[in-house]
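Okay, so here's the structure we're looking at.
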Amino acid sequence: MLRFVAILWGVCCALYATAQEKFTLSGYVRDSLSGETLIGATVSVNGNGKNIASNQFGFYSITLPRGTYMVVATFAGYEMQPLTISLDRNIEQNFYLPAKPVLQEVIVSARRRDGNVTSAQMGKIDLSINQVKSVPVLLGETDLLKTLQLLPGVRNAGEGNTGMYVRGGGPDQNLILLDDAIVYNTGHLFGFFSIFNSDAIKNISLVKGGMQAQYGGRLSSVLDVAMKEGNLNKFEVEGGIGAIASRLSVQGPVKKNRSSFIVSGRRTYIDLLMKPFISEKSDFYGSGYYFYDLNAKVNYIFSEKDRLYLSGYFGRDVFTYRNARRAFRADIPWGNTTATLRWNHVFNRKLFANTTVVYNDYAFSFGAAQNDFNIKLSSGIHDWSAKTDFDLYASPQHKLRFGAAFTHHTFTPNILSGNQGDNQFFPDNEMRKYAGETGIYLQNDWEVSKRIKVNAGLRYSRFVQLGPYKIFSNDINGNKNDSISYGTNKPVKTYYGFEPRFTIRYAIDNETSLKAAVTRNLQYIHLVSNSGSTLPTDLWVPSTYRVKPQISWQYAAGLFKNFSNNMLETSVELYYKRMDNQIEYREGYTPSLKDPEEDFVFGKGWSYGTELFINKTRGKLTGWIGYTLSWTWRQFDTLNGGIRFPSKYDRRHDLSVVGTYQLNKKWKFSAVFVYGSGNAVSLPERFYVIGGVFTQEYSKINQYRLAPYHRMDLSATLTPGTKPKQKWQQSWVFSIYNVYSRLNPYFIYFSQDGNPYNGSLTMKTQQVSLFPIIPAVTWNFKF
């Protein structure tokens, strides 16, 4: 590793030295009204053909020969800002961009309009919060994960669910970050809503192919979500009242132009609405369910070289059940807690650094009591992380990024405790596991020529299972008879490997390019799940002496073509992904409190397909069409007789059509249509009565398909007219989910009719559907 660091530093110094005779223009790109930095804004040099994108903190740097240049800063949804600059010395220049009027342009993405063609990055999609808020959703509750599910290559976990599968990967194969903190469970209401409050979100980036070297630990995708920083210039209050939840956000300066904050909260009131309708004599009196979120962030600008951020998220789902007749009660809370401390430092005009310390915790708890008997079951994952990332703008042709990260994991698959009266019991089933995960990387964005651009990166990762831990040996009856003990922080098992990332773009002309990418990823932690959704009972487990890390190779190629001055974007991408050390439960598995590793089986998987994307970015009518044709397979020696089978993430056809029409200043209309092939399922094929016990024989794994899924959603947004200097703004969102009330299959089961002992037994297939047509109204306000 020391040799790797020495080579990295030597390359950086050599590239830096070649640019000493030139001058550097650097600074930040910001929103002119709020002072928020703009991520991915483009600073272009007219007449030179050079441009650079601002990083995730809005910083840019470009080095040019001495001369006078017209420099233009642009960002989708903002007026461009041109400046004439005489570059005869190093210059620090900030750009403050004003937002465009609403009717001048309806924004779909927050990036360069031709970025899909000119960038070497593959499979990356940036969405603006405005577009997310325009898409009609279930019960009118804006949800960025459900919007992402409408993109090609991304499919949902089921009706109304926020679970996300990317190019045949499972839900645990997505790296989901909120201000650099990993989010381990993204679902509220058992997965039907996500934890992301759109009022607190600034930027959303999804990378599903050609993952950059700074990201690691997952096989399929990266979803990087950045929270707002708070208005540096004035106080703002915004919120909304919807069908199931209300939101309120407050932001403003702590010290004008120097420090700002934002606090955003959301809570459901299902429990409050239902309480008056539950009789005191009911078995459910006193029961309830609700969830809430709290996002907070504060930052301080010490100078143009130093800025400090402190942000956090706290969210909980709380389910309670009370049965007074049986003196039984249950409490089931679960949720995420994250905290991120970040320090930005500009060493010089070419070197930018971000150092981050992160705490995150996901916890699930089940507590039940009857009379004097109490029991509690807990599980979760707890992390401390530290990392540092450097952006080196070595020359106009080379932008380097390098850094290192370390995470200490604590995994708690199950902890059971309880008491009856004065008698307490703590069974020996705690099974806590500890691990350390390290990563170091180097990436070079290299503009080889006007036609060829390359992103080349290398990541080295290392994962160590740590003590205290015991490895047991068993006798022929499966009983534990001996063990090897490891002390605290003693290495138990170590895995490591290199993860190369390479993407190349060849520009055919200004509006057309070809791209290809290859990436290798290692994943050291795994989600144990019997379902496809983000349920709170899902368990995260580490790689151990028994469980190997997942490994994938992904290959992708695509044609990207824009039309009508980049108003219409089109792309076709092909991909193939191979995945090793995939994990499933053994046949006949039933949930228990023993170590889940004992019920794992291991195999391989592969996925391949084609993605078509047509995106209209400007005009009164905007939106996109996304279509995916794909296959996803799994194969395990001990499952399905060793024969390959379709994964539960397999969906042959996936179509989404999204449109938004801005009629005038007051009215905006949106529509969504989705169609997908039915999910793969295993079903019972034969039924027997053996020894008086009713028995069923199942088909091969995922041999059958449910009926195809399709629905249409509509919404209309009314923004009443405001006077020129009026501070109060409001809007009404009217939405209809599942307009033609399609009863899509959620799952099917078999019901019995008759008597199996006299031969009159018949079995009937029953379909369960969740959501018929559902109208909703949401009132939003801002002042």
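By order in the structure tokens, chains are A, B, ...; within a chain, residues start at 1; ligands start at 1, following the order shown.
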- Item | Val154 (chain A) environment, 9 Å, only C-alpha atoms, sequence neighbours closer than 5 positions dropped, as a ChimeraX atom specification | /A:148-149,164-168,208,628,654
Could those residues be written to a file, using N, CA and C atoms, as a PDB file, in the first residue's frame?
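Once written, again_28.pdb looks like this:
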ATOM      1  N   LEU A 148     -36.893   7.300  -9.376  1.00  0.00           N
ATOM      2  CA  LEU A 148     -35.764   6.579  -9.958  1.00  0.00           C
ATOM      3  C   LEU A 148     -36.196   5.242 -10.553  1.00  0.00           C
ATOM      4  N   GLN A 149     -37.245   4.626  -9.990  1.00  0.00           N
ATOM      5  CA  GLN A 149     -37.728   3.357 -10.519  1.00  0.00           C
ATOM      6  C   GLN A 149     -38.310   3.490 -11.924  1.00  0.00           C
ATOM      7  N   MET A 164     -35.348  -1.086  -4.627  1.00  0.00           N
ATOM      8  CA  MET A 164     -34.799  -0.749  -5.939  1.00  0.00           C
ATOM      9  C   MET A 164     -33.809  -1.822  -6.385  1.00  0.00           C
ATOM     10  N   TYR A 165     -34.054  -2.382  -7.584  1.00  0.00           N
ATOM     11  CA  TYR A 165     -33.156  -3.358  -8.186  1.00  0.00           C
ATOM     12  C   TYR A 165     -32.532  -2.742  -9.432  1.00  0.00           C
ATOM     13  N   VAL A 166     -31.225  -2.776  -9.531  1.00  0.00           N
ATOM     14  CA  VAL A 166     -30.524  -2.150 -10.646  1.00  0.00           C
ATOM     15  C   VAL A 166     -29.763  -3.212 -11.426  1.00  0.00           C
ATOM     16  N   ARG A 167     -30.122  -3.351 -12.698  1.00  0.00           N
ATOM     17  CA  ARG A 167     -29.449  -4.285 -13.611  1.00  0.00           C
ATOM     18  C   ARG A 167     -29.266  -5.671 -13.007  1.00  0.00           C
ATOM     19  N   GLY A 168     -30.355  -6.191 -12.447  1.00  0.00           N
ATOM     20  CA  GLY A 168     -30.347  -7.561 -11.955  1.00  0.00           C
ATOM     21  C   GLY A 168     -29.761  -7.760 -10.583  1.00  0.00           C
ATOM     22  N   LYS A 208     -25.391   3.624 -12.403  1.00  0.00           N
ATOM     23  CA  LYS A 208     -25.743   2.205 -12.520  1.00  0.00           C
ATOM     24  C   LYS A 208     -24.765   1.439 -13.389  1.00  0.00           C
ATOM     25  N   THR A 628     -36.541  -1.234 -20.911  1.00  0.00           N
ATOM     26  CA  THR A 628     -35.481  -2.195 -20.615  1.00  0.00           C
ATOM     27  C   THR A 628     -35.925  -3.593 -21.023  1.00  0.00           C
ATOM     28  N   ASP A 654     -39.706  -3.892 -19.308  1.00  0.00           N
ATOM     29  CA  ASP A 654     -39.982  -2.825 -18.340  1.00  0.00           C
ATOM     30  C   ASP A 654     -40.084  -1.509 -19.103  1.00  0.00           C
TER      31      ASP A 654
END
- Message: Could you list, as number ranges by chain, every residue within 6 Å of region 294-299 of chain A, counting only C-alpha atoms and ignoring same-chain residues fewer than 3 positions away?
- Response: A: 259-265, 308-314
Writer output for current selection, C-alpha atoms, as a CSV table (one decimal), in the first residue's frame:
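Okay, out07.csv is ready:
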chain,number,residue,atom,x,y,z
A,259,SER,CA,-23.1,30.5,7.9
A,260,SER,CA,-26.5,29.0,7.3
A,261,PHE,CA,-28.7,26.2,8.6
A,262,ILE,CA,-31.7,24.0,7.5
A,263,VAL,CA,-34.1,21.9,9.6
A,264,SER,CA,-36.7,19.8,7.9
A,265,GLY,CA,-39.2,17.5,9.6
A,308,LEU,CA,-17.3,23.1,7.8
A,309,TYR,CA,-20.5,21.2,7.5
A,310,LEU,CA,-22.4,19.3,10.1
A,311,SER,CA,-25.5,17.4,9.0
A,312,GLY,CA,-27.7,14.6,10.4
A,313,TYR,CA,-30.8,12.5,9.8
A,314,PHE,CA,-33.0,10.8,12.4
- All strand (DSSP E) positions in region 679-732 of chain A, as a PyMOL selection string: chain A and resi 680-681+684-690+693-698+704-705+709-718+729-732
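Atom pair CA of Gly609 (chain A) / CA of Gly209 (chain A) has a distance of 12.6 Å (rounded to one decimal).
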- Message: Show me, as an MDAnalysis selection string, the residues that have an atom within 9 Å of Ile85 (chain A) when counting only C-alpha atoms, minus same-chain residues fewer than 6 positions from it.
- Response: chainID A and resid 67:71
Deliver the residues from the most recent selection as a file, using N, CA and C atoms, as a PDB file, in the first residue's frame.
ATOM      1  N   GLY A  67      -3.783  34.697 -21.479  1.00  0.00           N
ATOM      2  CA  GLY A  67      -4.622  35.231 -22.536  1.00  0.00           C
ATOM      3  C   GLY A  67      -5.909  35.793 -21.987  1.00  0.00           C
ATOM      4  N   THR A  68      -6.742  36.308 -22.879  1.00  0.00           N
ATOM      5  CA  THR A  68      -8.045  36.851 -22.519  1.00  0.00           C
ATOM      6  C   THR A  68      -9.118  35.885 -23.022  1.00  0.00           C
ATOM      7  N   TYR A  69     -10.029  35.519 -22.126  1.00  0.00           N
ATOM      8  CA  TYR A  69     -11.019  34.494 -22.448  1.00  0.00           C
ATOM      9  C   TYR A  69     -12.422  34.970 -22.064  1.00  0.00           C
ATOM     10  N   MET A  70     -13.405  34.480 -22.827  1.00  0.00           N
ATOM     11  CA  MET A  70     -14.796  34.590 -22.422  1.00  0.00           C
ATOM     12  C   MET A  70     -15.147  33.305 -21.679  1.00  0.00           C
ATOM     13  N   VAL A  71     -15.374  33.416 -20.382  1.00  0.00           N
ATOM     14  CA  VAL A  71     -15.667  32.254 -19.543  1.00  0.00           C
ATOM     15  C   VAL A  71     -17.155  32.289 -19.178  1.00  0.00           C
TER      16      VAL A  71
END
- Among the residues A:Leu145, A:His382, A:Val117, A:Val183, the one that comes closest to Arg451 (chain A) [using only C-alpha atoms]: A:Val117
- Item | Residue neighbourhood region 672-678 of chain A, 9 Å, only C-alpha atoms, exclusion window fewer than 4 positions, as a list in words | Val135, Pro136, Leu150, Arg155, Arg651, Arg652, His653, Asp654, Leu655, Ser656, Val657, Val658, Gly659, Arg705, Leu706, Ala707, Pro708, Tyr709, His710, Arg711, Met712, Asp713, Leu714 and Pro745 of chain A
